[in-house]
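Coordinates as given in input17.csv (CSV, C-alpha atoms):
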```
chain,number,residue,atom,x,y,z
X,29,GLY,CA,147.7,12.9,308.1
X,30,ILE,CA,144.9,15.5,308.3
X,31,VAL,CA,142.9,15.7,311.4
X,32,ALA,CA,139.4,17.3,311.2
X,33,THR,CA,137.6,18.6,314.3
X,34,PRO,CA,134.0,20.0,314.2
X,35,PHE,CA,133.7,23.6,315.1
X,36,PRO,CA,132.0,23.9,318.5
X,37,THR,CA,128.5,25.5,318.7
X,38,ALA,CA,126.6,26.7,321.6
X,39,GLU,CA,123.8,24.5,322.9
X,40,TYR,CA,120.3,25.4,321.6
X,41,THR,CA,116.8,24.1,321.7
X,42,PHE,CA,114.6,23.5,318.7
X,43,ASN,CA,111.2,21.8,318.9
X,44,VAL,CA,109.9,20.5,315.5
X,45,PHE,CA,106.3,20.5,316.8
X,46,TYR,CA,106.0,24.3,316.7
X,47,VAL,CA,107.2,24.4,313.1
X,48,ALA,CA,104.8,21.6,312.0
X,49,ALA,CA,101.8,23.1,313.9
X,50,GLY,CA,102.5,26.7,312.9
X,51,PRO,CA,100.4,26.9,309.7
X,52,LEU,CA,97.3,25.5,311.4
X,53,MET,CA,97.5,26.7,315.0
X,54,GLY,CA,96.5,30.3,314.2
X,55,ILE,CA,93.3,29.5,312.3
X,56,VAL,CA,92.3,26.8,314.8
X,57,THR,CA,92.6,29.1,317.8
X,58,ALA,CA,91.0,32.1,316.1
X,59,LEU,CA,88.0,30.1,315.0
X,60,ALA,CA,87.4,29.0,318.6
X,61,MET,CA,85.5,32.3,318.9
X,62,MET,CA,83.0,31.4,316.1
X,63,TYR,CA,80.4,30.1,318.6
X,64,PRO,CA,80.6,33.0,321.1
X,65,VAL,CA,80.4,35.6,318.2
X,66,SER,CA,77.3,33.7,316.9
X,67,GLN,CA,75.6,33.8,320.3
X,68,VAL,CA,76.3,37.5,320.8
X,69,LEU,CA,74.9,38.3,317.4
X,70,LYS,CA,71.8,36.2,317.9
X,71,ASN,CA,71.0,37.7,321.2
X,72,ILE,CA,71.5,41.3,320.1
X,73,VAL,CA,69.5,40.9,316.9
X,74,THR,CA,66.7,39.1,318.7
X,75,GLU,CA,65.9,42.3,320.5
X,76,LYS,CA,65.5,44.0,317.1
X,77,GLU,CA,63.4,41.2,315.7
X,78,THR,CA,61.0,41.2,318.7
X,79,ARG,CA,61.0,45.1,318.6
X,80,THR,CA,62.2,45.2,322.1
X,81,LYS,CA,64.9,47.6,321.1
X,82,GLU,CA,62.4,50.0,319.4
X,83,THR,CA,60.1,49.9,322.4
X,84,MET,CA,63.0,50.9,324.6
X,85,LYS,CA,64.0,53.7,322.2
X,86,ILE,CA,60.4,55.0,322.4
X,87,MET,CA,60.9,55.3,326.1
X,88,GLY,CA,64.1,57.3,325.6
X,89,LEU,CA,66.9,54.7,325.0
X,90,LYS,CA,69.9,56.1,323.1
X,91,GLY,CA,71.5,53.9,320.4
X,92,TRP,CA,75.0,54.1,322.0
X,93,THR,CA,73.4,53.1,325.4
X,94,PHE,CA,72.0,50.0,323.7
X,95,MET,CA,75.4,49.0,322.3
X,96,LEU,CA,77.1,49.8,325.6
X,97,SER,CA,74.7,47.6,327.6
X,98,TRP,CA,75.5,44.6,325.4
X,99,ALA,CA,79.2,45.3,325.5
X,100,ILE,CA,79.2,45.3,329.3
X,101,THR,CA,77.0,42.2,329.4
X,102,TYR,CA,79.4,40.1,327.4
X,103,PHE,CA,82.6,41.8,328.6
X,104,ILE,CA,82.7,39.8,331.8
X,105,PRO,CA,82.2,36.3,330.3
X,106,PHE,CA,84.7,37.1,327.5
X,107,THR,CA,87.2,38.2,330.1
X,108,ILE,CA,86.7,34.9,332.0
X,109,VAL,CA,87.2,33.0,328.8
X,110,ALA,CA,90.5,35.0,328.2
X,111,ILE,CA,91.8,34.1,331.6
X,112,ILE,CA,91.1,30.4,331.2
X,113,THR,CA,92.5,30.3,327.7
X,114,ALA,CA,95.7,32.1,328.7
X,115,PHE,CA,96.2,29.7,331.6
X,116,LEU,CA,95.7,26.7,329.3
X,117,TYR,CA,98.2,28.2,326.8
X,118,ASN,CA,100.8,28.8,329.5
X,119,THR,CA,100.5,25.2,330.9
X,120,SER,CA,100.5,23.5,327.5
X,121,MET,CA,101.6,25.1,324.3
X,122,PHE,CA,103.5,28.2,325.5
X,123,PRO,CA,105.2,27.3,328.9
X,124,ASN,CA,108.1,29.7,328.3
X,125,SER,CA,105.9,32.7,327.7
X,126,ASP,CA,104.8,35.1,330.4
X,127,LEU,CA,101.2,34.3,331.6
X,128,SER,CA,100.4,38.0,331.9
X,129,ILE,CA,101.4,38.7,328.2
X,130,LEU,CA,99.4,35.7,327.1
X,131,LEU,CA,96.4,37.0,329.0
X,132,LEU,CA,96.7,40.5,327.5
X,133,PHE,CA,97.0,38.9,324.0
X,134,VAL,CA,93.9,36.7,324.3
X,135,PHE,CA,92.0,39.4,326.2
X,136,LEU,CA,92.5,41.9,323.4
X,137,PHE,CA,91.5,39.4,320.8
X,138,ASN,CA,88.3,38.5,322.7
X,139,THR,CA,87.3,42.1,323.1
X,140,SER,CA,88.0,42.7,319.4
X,141,CYS,CA,85.6,39.8,318.6
X,142,LEU,CA,83.0,41.3,320.9
X,143,ALA,CA,83.3,44.7,319.1
X,144,PHE,CA,83.2,42.9,315.8
X,145,ALA,CA,79.9,41.2,316.8
X,146,LEU,CA,78.5,44.5,317.8
X,147,MET,CA,79.4,46.0,314.5
X,148,VAL,CA,78.0,43.2,312.4
X,149,SER,CA,74.8,43.2,314.4
X,150,THR,CA,73.9,46.6,313.0
X,151,PHE,CA,73.3,45.1,309.5
X,152,PHE,CA,70.7,42.5,310.6
X,153,SER,CA,67.1,42.6,311.6
X,154,ARG,CA,66.7,38.7,311.9
X,155,ALA,CA,68.5,36.7,314.5
X,156,LYS,CA,69.0,33.4,312.5
X,157,PRO,CA,70.8,34.9,309.5
X,158,ALA,CA,73.0,37.0,311.8
X,159,GLY,CA,74.0,33.9,313.8
X,160,ILE,CA,75.0,32.2,310.6
X,161,VAL,CA,76.8,35.0,308.8
X,162,GLY,CA,78.8,36.2,311.8
X,163,PRO,CA,80.9,33.1,312.2
X,164,VAL,CA,81.4,32.8,308.4
X,165,LEU,CA,82.7,36.4,308.4
X,166,LEU,CA,85.1,35.5,311.2
X,167,PHE,CA,86.4,32.6,309.2
X,168,VAL,CA,86.9,34.8,306.1
X,169,LEU,CA,88.8,37.4,308.1
X,170,VAL,CA,91.4,35.0,309.3
X,171,LEU,CA,92.2,33.8,305.7
X,172,PRO,CA,94.4,36.8,304.7
X,173,ARG,CA,97.1,35.5,307.1
X,174,TYR,CA,97.7,32.6,304.6
X,175,VAL,CA,98.2,34.9,301.7
X,176,PHE,CA,101.5,36.0,303.1
X,177,PHE,CA,103.6,32.8,303.4
X,178,GLY,CA,107.2,33.7,302.8
X,179,ALA,CA,106.6,37.4,302.6
X,180,GLU,CA,110.0,39.2,302.8
X,181,ASP,CA,110.0,42.4,300.7
X,182,GLU,CA,109.0,45.7,302.2
X,183,ALA,CA,105.8,46.0,300.2
X,184,GLU,CA,104.5,42.7,301.5
X,185,THR,CA,105.4,43.7,305.0
X,186,SER,CA,103.3,46.8,304.6
X,187,ALA,CA,100.4,44.7,303.3
X,188,ILE,CA,100.7,42.4,306.3
X,189,GLN,CA,100.5,45.4,308.6
X,190,GLY,CA,97.4,46.5,306.7
X,191,ALA,CA,95.9,43.0,307.0
X,192,CYS,CA,96.1,43.3,310.8
X,193,LEU,CA,93.1,45.7,310.6
X,194,LEU,CA,91.3,42.3,310.6
X,195,SER,CA,91.6,41.1,314.2
X,196,PRO,CA,91.5,37.4,313.4
X,197,THR,CA,94.4,37.8,311.0
X,198,ALA,CA,96.3,39.8,313.6
X,199,TYR,CA,95.7,37.1,316.1
X,200,ALA,CA,96.9,34.4,313.7
X,201,PHE,CA,100.1,36.4,313.2
X,202,GLY,CA,100.5,36.6,316.9
X,203,ILE,CA,100.2,32.9,317.3
X,204,ASP,CA,102.9,32.5,314.6
X,205,ILE,CA,105.3,34.6,316.7
X,206,LEU,CA,104.5,32.7,319.9
X,207,LEU,CA,105.2,29.4,318.1
X,208,SER,CA,108.4,30.7,316.6
X,209,LEU,CA,109.8,31.8,320.0
X,210,GLU,CA,108.5,28.7,321.9
X,211,GLY,CA,110.2,26.5,319.2
X,212,ILE,CA,113.6,27.8,320.3
X,213,GLY,CA,112.8,27.6,324.0
X,214,GLN,CA,112.4,31.3,324.7
X,215,GLY,CA,108.7,32.2,324.5
X,216,VAL,CA,107.3,35.7,324.5
X,217,THR,CA,108.1,37.7,327.6
X,218,TRP,CA,108.1,41.4,328.6
X,219,ASP,CA,111.8,41.4,327.8
X,220,ASN,CA,111.5,40.4,324.2
X,221,TYR,CA,107.9,41.3,323.2
X,222,ASP,CA,109.1,44.3,321.3
X,223,ALA,CA,112.3,42.7,319.9
X,224,GLU,CA,112.8,41.5,316.3
X,225,THR,CA,112.1,37.8,316.0
X,226,GLY,CA,112.7,37.1,312.3
X,227,GLU,CA,109.0,37.3,311.6
X,228,ASP,CA,107.4,40.2,309.5
X,229,LEU,CA,105.9,41.7,312.7
X,230,ILE,CA,106.9,41.9,316.3
X,231,PHE,CA,104.6,40.9,319.1
X,232,SER,CA,104.1,44.5,320.3
X,233,ASP,CA,102.8,45.3,316.8
X,234,ILE,CA,100.2,42.5,317.3
X,235,LEU,CA,99.0,43.9,320.6
X,236,GLY,CA,98.7,47.4,319.2
X,237,ALA,CA,96.8,46.1,316.2
X,238,LEU,CA,94.3,44.2,318.3
X,239,PHE,CA,93.8,47.2,320.6
X,240,GLY,CA,93.3,49.4,317.5
X,241,ASP,CA,90.9,46.9,315.9
X,242,THR,CA,88.8,46.9,319.0
X,243,LEU,CA,88.5,50.7,319.0
X,244,LEU,CA,87.8,50.7,315.2
X,245,TYR,CA,85.1,48.1,315.4
X,246,LEU,CA,83.4,49.9,318.3
X,247,PHE,CA,83.4,53.2,316.4
X,248,LEU,CA,82.0,51.5,313.3
X,249,ALA,CA,79.4,49.7,315.4
X,250,TRP,CA,78.3,53.1,316.8
X,251,TYR,CA,78.4,54.7,313.3
X,252,PHE,CA,76.5,51.9,311.5
X,253,GLU,CA,73.9,51.8,314.4
X,254,GLN,CA,73.2,55.4,313.5
X,255,THR,CA,73.2,55.1,309.7
X,256,VAL,CA,72.2,51.6,308.5
X,257,PRO,CA,68.5,51.4,307.7
X,258,ASN,CA,66.6,48.7,309.5
X,259,THR,CA,63.1,47.2,309.2
X,260,TYR,CA,62.0,49.3,312.2
X,261,GLY,CA,62.8,52.8,313.2
X,262,SER,CA,64.8,55.6,311.7
X,263,HIS,CA,68.4,56.4,310.8
X,264,GLN,CA,70.8,59.3,310.3
X,265,PRO,CA,72.2,60.3,306.9
X,266,LEU,CA,75.7,59.0,306.1
X,267,TRP,CA,77.3,62.4,306.6
X,268,PHE,CA,75.8,63.2,310.0
X,269,LEU,CA,79.3,63.2,311.6
X,270,PHE,CA,80.1,66.3,309.5
X,271,SER,CA,77.0,68.3,310.5
X,272,PRO,CA,77.5,70.9,313.2
X,273,ALA,CA,73.8,70.6,314.0
X,274,TYR,CA,74.4,67.0,315.2
X,275,TRP,CA,77.2,68.0,317.7
X,276,PHE,CA,75.7,71.4,318.7
X,277,PRO,CA,71.9,71.2,318.3
X,278,LYS,CA,71.3,74.1,320.6
X,279,ARG,CA,73.5,76.4,318.5
X,280,PHE,CA,72.7,75.2,314.9
X,281,GLY,CA,69.2,73.7,315.4
X,282,SER,CA,68.1,70.1,315.6
X,283,PHE,CA,69.4,67.4,313.3
X,284,GLY,CA,66.8,64.8,313.1
X,285,PRO,CA,67.1,61.2,311.7
X,286,THR,CA,65.6,60.0,308.4
X,287,ILE,CA,62.5,57.9,308.7
X,288,ASP,CA,61.9,55.3,306.0
```
Rewritten as structure tokens:
Amino acid sequence: GIVATPFPTAEYTFNVFYVAAGPLMGIVTALAMMYPVSQVLKNIVTEKETRTKETMKIMGLKGWTFMLSWAITYFIPFTIVAIITAFLYNTSMFPNSDLSILLLFVFLFNTSCLAFALMVSTFFSRAKPAGIVGPVLLFVLVLPRYVFFGAEDEAETSAIQGACLLSPTAYAFGIDILLSLEGIGQGVTWDNYDAETGEDLIFSDILGALFGDTLLYLFLAWYFEQTVPNTYGSHQPLWFLFSPAYWFPKRFGSFGPTID
């Protein structure tokens, strides 16, 4: 007779929860920042609406100083939220991942949301519309993650990397990688955070994207603060960055703002 023996395989761990929760976990965790972003926007724009900002500018306040003061004000509570969130992640959903790398991941996302709120605030002179539109924009910016289900070819991978310029999308991709590695009992650690995982991105790409997004949003916040016309005050022309007079006023003469 014929005797059949199953080929031995190494023991492995696979958790169905992480596969089932994957498509929703990214958007749910990203949208947890909707309320903080709304509050930051309302408080910043309230100073414009009450003309407090313009009063301080009359007394010599610089635009970048205004932005920096709000960034510092909210940096501390956003950091505390990142610490609490990372701890909860590590004790519940991601027990196999390093706490320090989870903290870095959440911290970079929170700071990118703060920078995003600073950027969006430059377009508003009324607090109530700003507090409504900001969270809606945050929701819209996480949706591109769901355009790339099953992306495998090189062109789509490049598009995914481009979509990570939107920090909520980058965060959602990061959650996908965490879920993928937790599902097989590994988690993300400093030993494998830059290793291929079968996903379109590696975790180090996500960390780099979130850091880059923060710098980009801060630059745009500063630029739009200078150029976007508001109900009160003056603004620079769009090309002011390319004017030598802006950077070297003593040498090329003063470069004044445009008054509406």
Minimum-distance residue to Ala155 of chain X, chosen among X:Leu238, X:Leu269, X:Leu246, X:Ile72 (using all atoms listed in the file):
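The answer is X:Ile72, which sits nearest to Ala155 of chain X.
Among the candidate residues X:Ala249, X:Ile129, X:Arg154, X:Ser97, the one lying nearest to Asn220 of chain X is X:Ile129, with distances computed using all atoms listed in the file.
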If I take atom CA of Glu224 of chain X and atom CA of Ser125 of chain X, how far is one from the other in Å, to one decimal?
16.0 Å
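Among the candidates X:Leu130, X:Leu194, X:Leu69, X:Met62, the residue lying nearest to Gly159 of chain X is X:Leu69 (atoms considered: only C-alpha atoms).
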Could you list, as a list in words, every residue within 9 Å of Leu244 of chain X, counting all atoms listed in the file and ignoring same-chain residues fewer than 5 positions away?
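My reading of the contact set: Ala143, Leu193, Phe239 and Ala249 of chain X.
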Counting all atoms listed in the file, the residue of X:Ile112, X:Lys85, X:Ala158, X:Leu146 that sits nearest Ile100 of chain X
X:Leu146
What does the distance from atom CA of Ile230 of chain X to atom CA of Val56 of chain X come to in Å, to one decimal?
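Taking atom CA of Ile230 of chain X and atom CA of Val56 of chain X, their separation equals 21.1 Å.
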Which residue gives the smallest distance to Ile212 of chain X among X:Phe122, X:Ala58, X:Pro265, X:Leu243, with all atoms listed in the file counted?
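Closest to Ile212 of chain X of all the choices is X:Phe122.
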Closest of X:Gly213, X:Gly202, X:Pro51, X:Pro172 to Ile188 of chain X, counting all atoms listed in the file, is X:Pro172
Quick one: residues within 12 Å of Leu165 of chain X, all atoms listed in the file counted, chain neighbours fewer than 2 positions away excluded, as a CSV table (one decimal) with C-alpha atoms, in the coordinates of the input?
```csv
chain,number,residue,atom,x,y,z
X,59,LEU,CA,88.0,30.1,315.0
X,61,MET,CA,85.5,32.3,318.9
X,62,MET,CA,83.0,31.4,316.1
X,65,VAL,CA,80.4,35.6,318.2
X,66,SER,CA,77.3,33.7,316.9
X,141,CYS,CA,85.6,39.8,318.6
X,144,PHE,CA,83.2,42.9,315.8
X,145,ALA,CA,79.9,41.2,316.8
X,147,MET,CA,79.4,46.0,314.5
X,148,VAL,CA,78.0,43.2,312.4
X,158,ALA,CA,73.0,37.0,311.8
X,159,GLY,CA,74.0,33.9,313.8
X,160,ILE,CA,75.0,32.2,310.6
X,161,VAL,CA,76.8,35.0,308.8
X,162,GLY,CA,78.8,36.2,311.8
X,163,PRO,CA,80.9,33.1,312.2
X,167,PHE,CA,86.4,32.6,309.2
X,168,VAL,CA,86.9,34.8,306.1
X,169,LEU,CA,88.8,37.4,308.1
X,170,VAL,CA,91.4,35.0,309.3
X,171,LEU,CA,92.2,33.8,305.7
X,194,LEU,CA,91.3,42.3,310.6
X,195,SER,CA,91.6,41.1,314.2
X,196,PRO,CA,91.5,37.4,313.4
```
Write out as a PyMOL selection string the residues lying within 10 Å of Phe106 of chain X, counting all atoms listed in the file and excluding same-chain residues fewer than 3 positions away.
chain X and resi 61+64+101-103+109-112+134-135+137-139+141-142
Written file, previous selection with C-alpha atoms, as an mmCIF file, keeping the file's coordinate frame:
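Contents of selection_3.cif, as written:
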```
data_model
loop_
_atom_site.group_PDB
_atom_site.id
_atom_site.type_symbol
_atom_site.label_atom_id
_atom_site.label_comp_id
_atom_site.auth_asym_id
_atom_site.auth_seq_id
_atom_site.Cartn_x
_atom_site.Cartn_y
_atom_site.Cartn_z
ATOM 1 C CA MET X 61 85.500 32.300 318.900
ATOM 2 C CA PRO X 64 80.600 33.000 321.100
ATOM 3 C CA THR X 101 77.000 42.200 329.400
ATOM 4 C CA TYR X 102 79.400 40.100 327.400
ATOM 5 C CA PHE X 103 82.600 41.800 328.600
ATOM 6 C CA VAL X 109 87.200 33.000 328.800
ATOM 7 C CA ALA X 110 90.500 35.000 328.200
ATOM 8 C CA ILE X 111 91.800 34.100 331.600
ATOM 9 C CA ILE X 112 91.100 30.400 331.200
ATOM 10 C CA VAL X 134 93.900 36.700 324.300
ATOM 11 C CA PHE X 135 92.000 39.400 326.200
ATOM 12 C CA PHE X 137 91.500 39.400 320.800
ATOM 13 C CA ASN X 138 88.300 38.500 322.700
ATOM 14 C CA THR X 139 87.300 42.100 323.100
ATOM 15 C CA CYS X 141 85.600 39.800 318.600
ATOM 16 C CA LEU X 142 83.000 41.300 320.900
#
```
